[in-house]
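See structure below.
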Amino acid sequence: YAHLNSRRVDSPQLGRPASPDVIRRMDISVGADGGGLPPGAGTVAQGRATYAAKCQMCHGEAGTGGIADPLTGGIGSLATAKPVKTVASYWPYAPPLFDYIRRAMPLTAPQSLKDDEVYGLVAYLLSVDGIVAPDARLDAGSLTRIRMPNRKGFISLEDRDFDGNAERIAPPVEGAR
Amino acid sequence: YAHLNSRRVDSPQLGRPASPDVIRRMDISVGADGGGLPPGAGTVAQGRATYAAKCQMCHGEAGTGGIADPLTGGIGSLATAKPVKTVASYWPYAPPLFDYIRRAMPLTAPQSLKDDEVYGLVAYLLSVDGIVAPDARLDAGSLTRIRMPNRKGFISLEDRDFDGNAERIAPPVEGAR
Amino acid sequence: LLMAGAITGGGLATSVFAAGRSPPPASMLQPGAALSGYGARSRSGAAIQRIVPELPFPGTGSSRTPLQLLEGTITPNGLHFERHHNGVPQIDPATHELLVHGLVRQPLLFRYEDLLRYPRESRVLFLECSGNSGALGAPEPVQASAGQLNGLVSGAEWTGVRLSRLLGEAGLTGEAAWVQAEGADAAGMVRSIPLSICLDDAMVALFQNGEPLRPEQGFPMRLLLPGIEGNASVKWLRRLKVMAAPAFSREETSKYTDLLPDGKAEQFSLRMGVKSIILNPSYGLDLHGAGYQEISGLAWSGRGSIRKVEVSADGGATWGEAALGGPVLPKALTRFRMPWRWNGAPATLMSRATDETGAVQPLRAAWLAQSGASKGYHSNVVQSWRVQADGKIAHVYA
Amino acid sequence: LLMAGAITGGGLATSVFAAGRSPPPASMLQPGAALSGYGARSRSGAAIQRIVPELPFPGTGSSRTPLQLLEGTITPNGLHFERHHNGVPQIDPATHELLVHGLVRQPLLFRYEDLLRYPRESRVLFLECSGNSGALGAPEPVQASAGQLNGLVSGAEWTGVRLSRLLGEAGLTGEAAWVQAEGADAAGMVRSIPLSICLDDAMVALFQNGEPLRPEQGFPMRLLLPGIEGNASVKWLRRLKVMAAPAFSREETSKYTDLLPDGKAEQFSLRMGVKSIILNPSYGLDLHGAGYQEISGLAWSGRGSIRKVEVSADGGATWGEAALGGPVLPKALTRFRMPWRWNGAPATLMSRATDETGAVQPLRAAWLAQSGASKGYHSNVVQSWRVQADGKIAHVYA
Ligand SMILES: [Ca+2]
Ligand SMILES: [Ca+2]
Ligand SMILES: [Ca+2]
Ligand SMILES: [Ca+2]
Ligand SMILES: [Ca+2]
Ligand SMILES: [Ca+2]
Ligand SMILES: [Co+2]
Ligand SMILES: [Co+2]
């Protein structure tokens, strides 16, 4: 990237250095590899209680049947005529679930959950379908080691220049009715 | 225009024939040749009275000094450093004055004047600078025969494809300060 | 006043409406409205509204551009489609900052007023939600307007700062291959984007059709990735993290991935395909009767310019090439028009676009064979409107 | 809540904002606004308003587009300049009709809904009032914003019916050479237009930037004459009369004629010249300090496309060629940009455009020599902004 990094003469160069403290405050993201997971822990039981109090109203009992996206169930349905995409059936990695719940849920009060509560919620949700044990206690390490059912379910289109459209795969059937 | 007039195949042809009566109702325009002037007549005295009642409030006494465009005076000023453009000094034809007053004035009640009132107003306004006699009575014929002071003051740009911009007349003085 | 009916010519009526004249319209008889600081639409123009569904959470979902009621290729800012994940935030530009960090030599913060001082570029571009036209996968054709079916696409002239300029200022390091973008909305939405796309024609957009961005389109700043599915053009842009690998966040795993019939899912299918839709006539815009009718619609491709659009009025048995409105721009909506004379017999109207790479818009059957009905994303199938004998128009599968 | 300052890493704080985190912005902590039918501008965006003067008659005069606050080449419909002669009428499209009569084989009436069924075309075009930049004739440079000085020009994507199509339907006769257009406003404004212009690229415009025209721009229909002075693009179009000669009405004699120093006046000077204006930096947009500064502005010509724009930062001693934003379209606004590094010393910025015919924007001195200071119309002189040592910007005559 030398050419790009040196392209400064026709630019005002107004970016101000960001300190590690500022970055830490602004970036709460967690990667698929568990990078960014905070200290803390939570159990299935704690998560069940938090879920009942803060999530059930929208996502339904045990993560399904509410007015919001279903979170549990559907494992094994992806190749059927009626695939059910849930956290349990479709997500490939567990750490991004921590990330998403912490940043975006509950819908009515985002970023209000404590880190321990988030660990508990992930534990509870993943225990519903037996992805983790009923007595599991999750922290950064154990959460990162979880292997989701759909871990191998995705095909990256990086080698196809990120173009997965039908017309780049099969030619149209000319004039077909 | 044969080619244009026959270009109908790719058009829906939705124009509905307009009767002479509809045209007469919609078209009150008067051309420079007096075409379109209605029956009726008005004198300078009648126009002065109408003017005082309906125009003076905006255009000022005798057509000047009000908050709206000056209508009188300025004859002979066009070539000076301070040209004064008025009906009297600048307009080339009288019939369009009838047209304009009837269609657009008074500003607060357009198309409320009777045709006789319009004849009177034109007579009065043009009498201020002696373009018509103080006792003039104008009708379609006499109004059309009026010769305005600036009758010959305009140069049509028809032969220059309607482009009178400075840069089509003289080349820019390159690099001048 | 004497009204219409008076004898014309030599009549002696003195009313202004003498000689058989009826009153001019009211608009010509009284002064109109004053000059104003920001014009409003006409009464009937104001009836054109985005299509807003009933939602359980009113800030989470999409509103659609009523494409069939609009013209040209520019969408008015107020009618640009919306897709939000937890509502439209009110952001104070004076306190909003953009952080560029991660695998860079120097992490940097940019204020809004800073970005306003950078070199700018303008591009006329479409933005399309990956889920646009997803209803075309339904077993039976949904009887809905072209906007209801396809309204998650809009076009605008966007102006902003080339993203590569900001990334270059921070200085990229050798392992950099992905960028995580984050929005300052209540979803804190994040998305991992290939660095190659960020260094291509991506911009941080600040203006839309000449004005500052509107809140729904990401004021004070948004990421704008030409030709890429709309969700990745993160609104209310707050943070860009240069990474070696994607974060595999919710939006690029649980959502915006393309499930195939075998249960696998294509991930990072980012570029939108070549597509066209007939907007006029279409469902809800029935024909008045046999005769001339212009067939008009929009075509676009995430790969670049539209090369041609073909139109059929016989369900695809024969095709004719439509005229493309100029200018034809890459990754922008292109208006196409085809003169047609309806003879009153039932007809099935279709359009099919080809882009500058030679890619041809797929027929629905071909798309289904490759994608499966539950894909839901990247639907660019050829659509069909059936003109019935009474002029009513139905959505059909040809 | 624990706030910034807490020790990071191994701290046992249980608050969501532990470990030295300060609260995210409010926009990320509560759901945002719901989806809406027609989006509104941001608070700061809404501060951008047309420049409306104090007028004795609030419907008679002009409001200007604040060009220096906008971007790109498309003017938002709400900010398009206005010029009215007795206010903005409210017209019911259901009862409005267009009459085509005069030297035609068959006089015709067209309803709004009729015109909506005709073949359409879209063009991105500028519209400029003949009096735009008239203040440049003042003996001393007026200290006012670029919008105040030049805001009687705007750009939009216009869509409508080619005028030649309607004239052809009525059928033109041999003597036809002029067309009188009339608006349904309280001025009943009429204008005689050469038939050659009406048969060229003229249209009856029905849409603007995708929406129906706004009332101030002539809803439900207006005449649109590309490259021709704005007044002749009659709004609220009601009647077209084909004639053998002009009517010499008020707008083409008393107004919109160009008085020369010898007292004669050029009449039917209809085409707008080649012109450019620097919008950034400009009066009111002072520089923050020495360093990089993009010079940006707009260029256009009533004759067609812009071929090039040259920019000078030394009062015209030397010139450099600016980059033109794509697409460069005929009779449309073209954005130009020039990188510049201000060294802190006083500088005089100028732009000069050349159009596709080779015509070059005139210097003020040359324009005055040909036109005289009292011309008032068709002012397209090269303008100059003086950047003072403190960064403040003044309007100067170079
Ligand atoms: Ca490229
Ligand atoms: Ca989004
Ligand atoms: Ca995708
Ligand atoms: Ca031409
Ligand atoms: Ca006008
Ligand atoms: Ca003129
Ligand atoms: Co989307
Ligand atoms: Co004007």
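Chains: A, B, ... in order of the structure tokens. Residues: from 1 per chain. Ligands: from 1, in order shown.
Within the 8 Å cut-off around stretch 120-137 of chain B, using only C-alpha atoms and omitting residues fewer than 6 positions from it on the same chain, the listed residues are Ala41, Gly42, Thr43, Val44, Ala45, Gln46, Gly47, Arg48, Thr50, Tyr51, Ala62, Gly63, Leu71, Thr72, Gly73, Ala88, Leu97, Phe98, Ile146, Arg147, Met148 and Pro149 of chain B.
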After fit on chain A (all C-alpha, ordered pairs), chain B as a short mmCIF file (atom, residue, chain, number, x, y, z; two decimals) with C-alpha atoms, in the first residue's frame:
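File written: superposed_7.cif
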```
data_model
loop_
_atom_site.label_atom_id
_atom_site.label_comp_id
_atom_site.auth_asym_id
_atom_site.auth_seq_id
_atom_site.Cartn_x
_atom_site.Cartn_y
_atom_site.Cartn_z
CA TYR B 1 -0.03 -0.02 0.05
CA ALA B 2 2.94 2.28 -0.33
CA HIS B 3 1.44 4.28 -3.20
CA LEU B 4 -1.81 4.86 -1.32
CA ASN B 5 -0.16 5.63 2.00
CA SER B 6 2.01 8.28 0.38
CA ARG B 7 -0.87 10.06 -1.39
CA ARG B 8 -0.91 13.09 0.82
CA VAL B 9 -0.01 16.08 -1.27
CA ASP B 10 -3.56 16.75 -2.47
CA SER B 11 -5.22 16.20 0.88
CA PRO B 12 -5.52 18.36 4.01
CA GLN B 13 -4.33 15.65 6.44
CA LEU B 14 -6.80 16.51 9.18
CA GLY B 15 -7.00 13.14 10.96
CA ARG B 16 -6.08 13.50 14.65
CA PRO B 17 -4.21 10.64 16.33
CA ALA B 18 -6.53 8.39 18.33
CA SER B 19 -5.17 7.13 21.64
CA PRO B 20 -5.54 3.50 22.77
CA ASP B 21 -7.98 4.77 25.40
CA VAL B 22 -10.23 6.40 22.80
CA ILE B 23 -10.09 3.28 20.66
CA ARG B 24 -10.98 1.08 23.60
CA ARG B 25 -13.95 3.31 24.36
CA MET B 26 -15.20 3.42 20.78
CA ASP B 27 -14.53 -0.18 19.74
CA ILE B 28 -16.54 -2.86 21.53
CA SER B 29 -16.45 -5.26 18.58
CA VAL B 30 -15.78 -8.95 19.05
CA GLY B 31 -14.37 -11.00 16.21
CA ALA B 32 -15.15 -14.59 15.29
CA ASP B 33 -11.87 -15.60 16.96
CA GLY B 34 -13.03 -14.16 20.28
CA GLY B 35 -10.81 -11.10 20.00
CA GLY B 36 -12.37 -8.26 21.98
CA LEU B 37 -14.28 -10.44 24.45
CA PRO B 38 -14.24 -8.77 27.85
CA PRO B 39 -13.53 -10.24 31.28
CA GLY B 40 -16.54 -11.70 33.07
CA ALA B 41 -18.68 -14.80 32.96
CA GLY B 42 -22.26 -16.05 33.12
CA THR B 43 -24.12 -19.31 33.57
CA VAL B 44 -27.09 -20.86 31.80
CA ALA B 45 -29.19 -20.30 34.93
CA GLN B 46 -28.24 -16.66 35.14
CA GLY B 47 -28.89 -16.23 31.42
CA ARG B 48 -32.28 -17.88 31.68
CA ALA B 49 -33.28 -15.36 34.33
CA THR B 50 -31.98 -12.40 32.34
CA TYR B 51 -33.67 -13.74 29.21
CA ALA B 52 -37.02 -14.04 30.96
CA ALA B 53 -36.74 -10.50 32.24
CA LYS B 54 -35.38 -8.72 29.16
CA CYS B 55 -35.81 -10.77 25.99
CA GLN B 56 -38.76 -13.10 26.22
CA MET B 57 -41.27 -10.35 25.57
CA CYS B 58 -40.09 -10.13 21.97
CA HIS B 59 -38.32 -13.39 21.17
CA GLY B 60 -40.71 -15.73 22.99
CA GLU B 61 -40.13 -18.47 25.51
CA ALA B 62 -36.81 -20.28 25.05
CA GLY B 63 -35.99 -18.14 22.04
CA THR B 64 -38.83 -18.99 19.71
CA GLY B 65 -42.45 -18.10 19.13
CA GLY B 66 -42.16 -14.38 19.77
CA ILE B 67 -42.70 -11.45 17.42
CA ALA B 68 -38.96 -10.96 16.83
CA ASP B 69 -36.46 -13.23 15.03
CA PRO B 70 -36.38 -16.84 16.33
CA LEU B 71 -33.13 -17.54 18.12
CA THR B 72 -33.36 -21.28 18.80
CA GLY B 73 -34.33 -24.45 16.99
CA GLY B 74 -34.12 -25.19 13.29
CA ILE B 75 -30.92 -27.26 13.50
CA GLY B 76 -30.80 -29.60 10.51
CA SER B 77 -33.46 -27.71 8.52
CA LEU B 78 -31.22 -25.72 6.20
CA ALA B 79 -31.27 -28.18 3.30
CA THR B 80 -34.99 -28.87 3.54
CA ALA B 81 -37.80 -27.18 1.64
CA LYS B 82 -38.53 -25.06 4.70
CA PRO B 83 -35.21 -23.97 6.21
CA VAL B 84 -35.44 -22.36 9.66
CA LYS B 85 -32.62 -19.92 10.17
CA THR B 86 -31.87 -19.22 13.82
CA VAL B 87 -28.84 -18.49 15.98
CA ALA B 88 -28.64 -22.19 16.72
CA SER B 89 -29.16 -23.48 13.19
CA TYR B 90 -27.40 -20.90 11.08
CA TRP B 91 -24.76 -18.77 12.89
CA PRO B 92 -21.24 -20.13 12.26
CA TYR B 93 -19.48 -18.63 15.32
CA ALA B 94 -20.42 -17.93 18.93
CA PRO B 95 -18.32 -14.82 19.74
CA PRO B 96 -20.22 -12.61 17.26
CA LEU B 97 -23.40 -13.56 19.15
CA PHE B 98 -21.90 -11.97 22.25
CA ASP B 99 -21.00 -8.96 20.13
CA TYR B 100 -24.46 -8.60 18.65
CA ILE B 101 -26.38 -9.01 21.89
CA ARG B 102 -24.14 -6.53 23.70
CA ARG B 103 -24.31 -3.87 21.00
CA ALA B 104 -27.88 -4.15 19.76
CA MET B 105 -30.10 -5.85 22.32
CA PRO B 106 -32.46 -5.51 24.01
CA LEU B 107 -33.94 -3.51 21.15
CA THR B 108 -35.48 -1.00 23.54
CA ALA B 109 -32.28 -0.40 25.52
CA PRO B 110 -29.18 -1.26 23.51
CA GLN B 111 -25.82 -1.41 25.31
CA SER B 112 -27.52 -1.56 28.68
CA LEU B 113 -26.54 -5.15 29.48
CA LYS B 114 -23.60 -5.88 31.74
CA ASP B 115 -20.89 -8.09 30.27
CA ASP B 116 -21.73 -10.90 32.72
CA GLU B 117 -25.36 -10.72 31.62
CA VAL B 118 -24.30 -11.11 28.01
CA TYR B 119 -22.20 -14.17 28.83
CA GLY B 120 -25.21 -15.62 30.62
CA LEU B 121 -27.54 -14.90 27.72
CA VAL B 122 -25.24 -16.57 25.21
CA ALA B 123 -24.94 -19.55 27.55
CA TYR B 124 -28.68 -19.85 27.99
CA LEU B 125 -29.55 -19.44 24.32
CA LEU B 126 -27.00 -22.02 23.23
CA SER B 127 -28.13 -24.45 25.93
CA VAL B 128 -31.67 -24.58 24.55
CA ASP B 129 -30.55 -26.77 21.64
CA GLY B 130 -27.76 -28.48 23.57
CA ILE B 131 -24.94 -26.58 21.91
CA VAL B 132 -23.62 -26.02 25.46
CA ALA B 133 -24.32 -28.05 28.56
CA PRO B 134 -27.29 -27.13 30.78
CA ASP B 135 -24.89 -26.13 33.55
CA ALA B 136 -22.42 -24.33 31.32
CA ARG B 137 -20.63 -21.23 32.55
CA LEU B 138 -19.19 -19.12 29.76
CA ASP B 139 -16.27 -16.73 29.83
CA ALA B 140 -14.02 -15.45 27.04
CA GLY B 141 -12.11 -18.70 26.74
CA SER B 142 -14.97 -21.17 26.85
CA LEU B 143 -17.17 -19.05 24.62
CA THR B 144 -14.47 -18.92 21.98
CA ARG B 145 -14.14 -22.71 22.02
CA ILE B 146 -17.82 -23.33 21.23
CA ARG B 147 -18.32 -25.09 17.91
CA MET B 148 -21.61 -24.08 16.31
CA PRO B 149 -23.60 -26.64 14.25
CA ASN B 150 -23.29 -24.57 11.07
CA ARG B 151 -19.57 -23.83 11.51
CA LYS B 152 -18.80 -25.22 8.04
CA GLY B 153 -21.97 -24.00 6.35
CA PHE B 154 -20.65 -20.95 4.55
CA ILE B 155 -18.90 -20.59 1.20
CA SER B 156 -16.99 -17.33 0.95
CA LEU B 157 -17.17 -15.68 -2.46
CA GLU B 158 -13.80 -14.02 -2.10
CA ASP B 159 -12.43 -15.94 -5.07
CA ARG B 160 -15.37 -14.83 -7.21
CA ASP B 161 -14.79 -11.15 -6.62
CA PHE B 162 -17.72 -11.15 -4.18
CA ASP B 163 -20.22 -11.69 -7.01
CA GLY B 164 -22.60 -14.55 -6.31
CA ASN B 165 -25.39 -13.57 -8.65
CA ALA B 166 -27.13 -16.29 -10.61
CA GLU B 167 -26.14 -14.80 -13.96
CA ARG B 168 -22.46 -15.19 -13.22
CA ILE B 169 -22.90 -18.89 -12.47
CA ALA B 170 -25.26 -20.26 -15.08
CA PRO B 171 -26.16 -18.68 -18.43
CA PRO B 172 -29.82 -17.68 -18.80
CA VAL B 173 -32.02 -20.18 -20.61
CA GLU B 174 -32.53 -18.08 -23.71
CA GLY B 175 -36.19 -17.47 -24.61
CA ALA B 176 -37.52 -19.97 -22.08
CA ARG B 177 -41.13 -19.67 -20.97
#
```
Self-check item: All residues having an atom within 6 Å of ligand 2 (only C-alpha atoms and all ligand atoms) as a PyMOL selection string
Solution: chain C and resi 83-84+231+234-235
File of the preceding selection, N, CA, C and O atoms, as a PDB file, in the first residue's frame:
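Final file, result34.pdb:
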```pdb
ATOM      1  N   ARG C  83     -33.834   1.296   5.143  1.00  0.00           N
ATOM      2  CA  ARG C  83     -33.678   0.010   5.813  1.00  0.00           C
ATOM      3  C   ARG C  83     -32.920   0.315   7.081  1.00  0.00           C
ATOM      4  O   ARG C  83     -31.765   0.763   7.028  1.00  0.00           O
ATOM      5  N   HIS C  84     -33.574   0.122   8.212  1.00  0.00           N
ATOM      6  CA  HIS C  84     -32.936   0.407   9.491  1.00  0.00           C
ATOM      7  C   HIS C  84     -33.050  -0.801  10.383  1.00  0.00           C
ATOM      8  O   HIS C  84     -33.943  -1.631  10.236  1.00  0.00           O
ATOM      9  N   ASN C 231     -26.901  -2.719   2.552  1.00  0.00           N
ATOM     10  CA  ASN C 231     -26.638  -2.848   3.981  1.00  0.00           C
ATOM     11  C   ASN C 231     -25.178  -2.574   4.315  1.00  0.00           C
ATOM     12  O   ASN C 231     -24.851  -2.082   5.394  1.00  0.00           O
ATOM     13  N   VAL C 234     -22.706   1.359   5.289  1.00  0.00           N
ATOM     14  CA  VAL C 234     -23.146   1.640   6.653  1.00  0.00           C
ATOM     15  C   VAL C 234     -23.454   3.120   6.865  1.00  0.00           C
ATOM     16  O   VAL C 234     -22.627   4.000   6.580  1.00  0.00           O
ATOM     17  N   LYS C 235     -24.663   3.340   7.389  1.00  0.00           N
ATOM     18  CA  LYS C 235     -25.089   4.709   7.659  1.00  0.00           C
ATOM     19  C   LYS C 235     -24.581   5.181   9.016  1.00  0.00           C
ATOM     20  O   LYS C 235     -24.176   4.374   9.853  1.00  0.00           O
TER      21      LYS C 235
END
```
Quiz item: Hey, what's within 7 Å of stretch 241-252 of chain C if we count only C-alpha atoms and toss same-chain stuff fewer than 6 positions away? As a PyMOL selection string, please?
Solution: (chain A and resi 31-32+96+100) or (chain C and resi 100-104+175-181+190-192+267-268)
Exercise. With a cut-off of 6 Å and counting only C-alpha atoms, select all residues of chain C in contact with chain D and give the selection as JSON, numbers by chain.
Key: {"C": [27, 28, 29, 30, 31, 32, 33, 34, 35, 37, 38, 39, 41, 42, 45, 49, 50, 58, 59, 70, 71, 72, 74, 75, 78, 79, 86, 87, 88, 89, 119, 122, 184, 185, 186, 209, 210, 211, 212, 214, 215, 294]}
Practice problem: Select all residues from chain D having any atom no more than 6 Å from an atom of chain B (counting only C-alpha atoms, ignoring ligands), output as a PyMOL selection string. | Solution: chain D and resi 107-110+168+171+187-188+247-249+254+261-271+273+316+362+367+398
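Contacts with ligand 4 are defined as any residue atom within 12 Å of a ligand atom, using only C-alpha atoms and all ligand atoms; the residues meeting this criterion are B:Asp161, D:Ser196, D:Ile197, D:Cys198, D:Leu199, D:Asp200, D:Asp201, D:Ala202, D:Leu225, D:Pro226, D:Gly227, D:Ile228, D:Arg271, D:Gly302, D:Arg303, D:Gly304, D:Ser305, D:Pro330, D:Lys331.
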Saved selection, atoms kept: all heavy atoms, as a compact mmCIF listing (two decimals), in the first residue's frame:
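The result, stored in again.txt:
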```txt
# COMPACT_ATOMS: atom_id res chain seq x y z
N ASP B 161 -28.70 33.39 -34.32
CA ASP B 161 -29.18 32.21 -33.63
C ASP B 161 -29.55 32.52 -32.17
O ASP B 161 -29.34 31.71 -31.28
CB ASP B 161 -28.13 31.09 -33.68
CG ASP B 161 -28.72 29.73 -33.38
OD1 ASP B 161 -29.95 29.56 -33.54
OD2 ASP B 161 -27.98 28.84 -32.95
N SER D 196 -37.93 27.60 -34.06
CA SER D 196 -36.75 26.74 -34.21
C SER D 196 -36.30 26.19 -32.87
O SER D 196 -35.86 25.05 -32.77
CB SER D 196 -35.61 27.52 -34.88
OG SER D 196 -35.26 28.65 -34.10
N ILE D 197 -36.41 27.01 -31.81
CA ILE D 197 -36.04 26.53 -30.48
C ILE D 197 -37.07 25.52 -29.98
O ILE D 197 -36.73 24.50 -29.37
CB ILE D 197 -35.88 27.73 -29.52
CG1 ILE D 197 -34.57 28.47 -29.85
CG2 ILE D 197 -35.91 27.29 -28.07
CD1 ILE D 197 -34.35 29.75 -29.08
N CYS D 198 -38.34 25.80 -30.27
CA CYS D 198 -39.40 24.88 -29.83
C CYS D 198 -39.29 23.51 -30.50
O CYS D 198 -39.73 22.49 -29.95
CB CYS D 198 -40.77 25.48 -30.11
SG CYS D 198 -41.09 26.92 -29.10
N LEU D 199 -38.75 23.50 -31.71
CA LEU D 199 -38.62 22.23 -32.44
C LEU D 199 -37.28 21.56 -32.16
O LEU D 199 -37.05 20.45 -32.64
CB LEU D 199 -38.80 22.47 -33.95
CG LEU D 199 -40.18 22.97 -34.37
CD1 LEU D 199 -40.24 23.16 -35.87
CD2 LEU D 199 -41.26 21.98 -33.91
N ASP D 200 -36.43 22.23 -31.42
CA ASP D 200 -35.11 21.68 -31.13
C ASP D 200 -35.25 20.72 -29.94
O ASP D 200 -35.89 19.67 -30.05
CB ASP D 200 -34.12 22.81 -30.87
CG ASP D 200 -32.70 22.32 -30.72
OD1 ASP D 200 -32.39 21.22 -31.21
OD2 ASP D 200 -31.88 23.02 -30.11
N ASP D 201 -34.72 21.05 -28.81
CA ASP D 201 -34.77 20.14 -27.66
C ASP D 201 -35.76 20.58 -26.58
O ASP D 201 -35.67 20.14 -25.44
CB ASP D 201 -33.38 19.96 -27.06
CG ASP D 201 -32.65 21.28 -26.86
OD1 ASP D 201 -33.29 22.34 -27.02
OD2 ASP D 201 -31.44 21.25 -26.54
N ALA D 202 -36.73 21.40 -26.95
CA ALA D 202 -37.70 21.88 -25.96
C ALA D 202 -38.62 20.76 -25.50
O ALA D 202 -38.93 19.84 -26.25
CB ALA D 202 -38.54 23.01 -26.57
N LEU D 225 -36.93 25.07 -22.01
CA LEU D 225 -36.11 25.35 -23.20
C LEU D 225 -34.64 25.23 -22.79
O LEU D 225 -34.08 26.16 -22.19
CB LEU D 225 -36.40 26.76 -23.74
CG LEU D 225 -37.88 27.07 -24.00
CD1 LEU D 225 -38.05 28.53 -24.42
CD2 LEU D 225 -38.45 26.14 -25.07
N PRO D 226 -34.01 24.10 -23.10
CA PRO D 226 -32.62 23.91 -22.65
C PRO D 226 -31.69 25.00 -23.16
O PRO D 226 -31.71 25.36 -24.34
CB PRO D 226 -32.26 22.54 -23.24
CG PRO D 226 -33.57 21.82 -23.38
CD PRO D 226 -34.55 22.91 -23.78
N GLY D 227 -30.89 25.53 -22.25
CA GLY D 227 -29.88 26.52 -22.61
C GLY D 227 -30.39 27.93 -22.81
O GLY D 227 -29.62 28.86 -23.04
N ILE D 228 -31.71 28.11 -22.72
CA ILE D 228 -32.34 29.41 -22.99
C ILE D 228 -32.64 30.09 -21.65
O ILE D 228 -32.87 29.44 -20.64
CB ILE D 228 -33.64 29.19 -23.80
CG1 ILE D 228 -33.33 28.49 -25.12
CG2 ILE D 228 -34.39 30.50 -24.03
CD1 ILE D 228 -32.39 29.24 -26.04
N ARG D 271 -30.11 32.70 -25.73
CA ARG D 271 -29.23 31.62 -25.28
C ARG D 271 -28.28 32.12 -24.19
O ARG D 271 -27.70 33.20 -24.32
CB ARG D 271 -28.45 31.07 -26.48
CG ARG D 271 -27.86 29.69 -26.20
CD ARG D 271 -27.55 28.93 -27.46
NE ARG D 271 -28.73 28.61 -28.24
CZ ARG D 271 -29.60 27.64 -27.92
NH1 ARG D 271 -29.41 26.88 -26.84
NH2 ARG D 271 -30.66 27.42 -28.68
N GLY D 302 -25.23 27.53 -22.27
CA GLY D 302 -26.47 27.33 -23.00
C GLY D 302 -26.26 26.77 -24.39
O GLY D 302 -27.21 26.44 -25.09
N ARG D 303 -24.99 26.67 -24.81
CA ARG D 303 -24.71 26.15 -26.14
C ARG D 303 -24.43 24.65 -26.13
O ARG D 303 -24.43 24.02 -27.19
CB ARG D 303 -23.49 26.86 -26.74
CG ARG D 303 -23.70 28.34 -26.90
CD ARG D 303 -22.53 29.04 -27.55
NE ARG D 303 -22.63 30.46 -27.30
CZ ARG D 303 -22.04 31.10 -26.29
NH1 ARG D 303 -21.25 30.43 -25.47
NH2 ARG D 303 -22.22 32.39 -26.13
N GLY D 304 -24.17 24.07 -24.97
CA GLY D 304 -23.87 22.64 -24.93
C GLY D 304 -22.98 22.30 -23.75
O GLY D 304 -23.16 22.84 -22.66
N SER D 305 -22.02 21.41 -24.00
CA SER D 305 -21.16 20.92 -22.92
C SER D 305 -20.02 21.88 -22.62
O SER D 305 -19.61 22.67 -23.45
CB SER D 305 -20.55 19.57 -23.31
OG SER D 305 -21.55 18.66 -23.66
N PRO D 330 -24.51 18.25 -21.93
CA PRO D 330 -24.82 19.51 -22.58
C PRO D 330 -25.92 20.28 -21.85
O PRO D 330 -26.90 19.70 -21.40
CB PRO D 330 -25.29 19.10 -23.98
CG PRO D 330 -25.72 17.69 -23.83
CD PRO D 330 -24.89 17.09 -22.74
N LYS D 331 -25.71 21.58 -21.72
CA LYS D 331 -26.69 22.49 -21.11
C LYS D 331 -27.04 22.06 -19.68
O LYS D 331 -28.19 22.19 -19.25
CB LYS D 331 -27.95 22.57 -21.99
CG LYS D 331 -27.61 22.94 -23.43
CD LYS D 331 -28.83 22.98 -24.32
CE LYS D 331 -28.41 23.18 -25.78
NZ LYS D 331 -29.55 23.20 -26.73
```
Practice problem: Please write out the residues within 8 Å of ligand 7 as a count of residues only, counting only C-alpha atoms and all ligand atoms. | Solution: 11
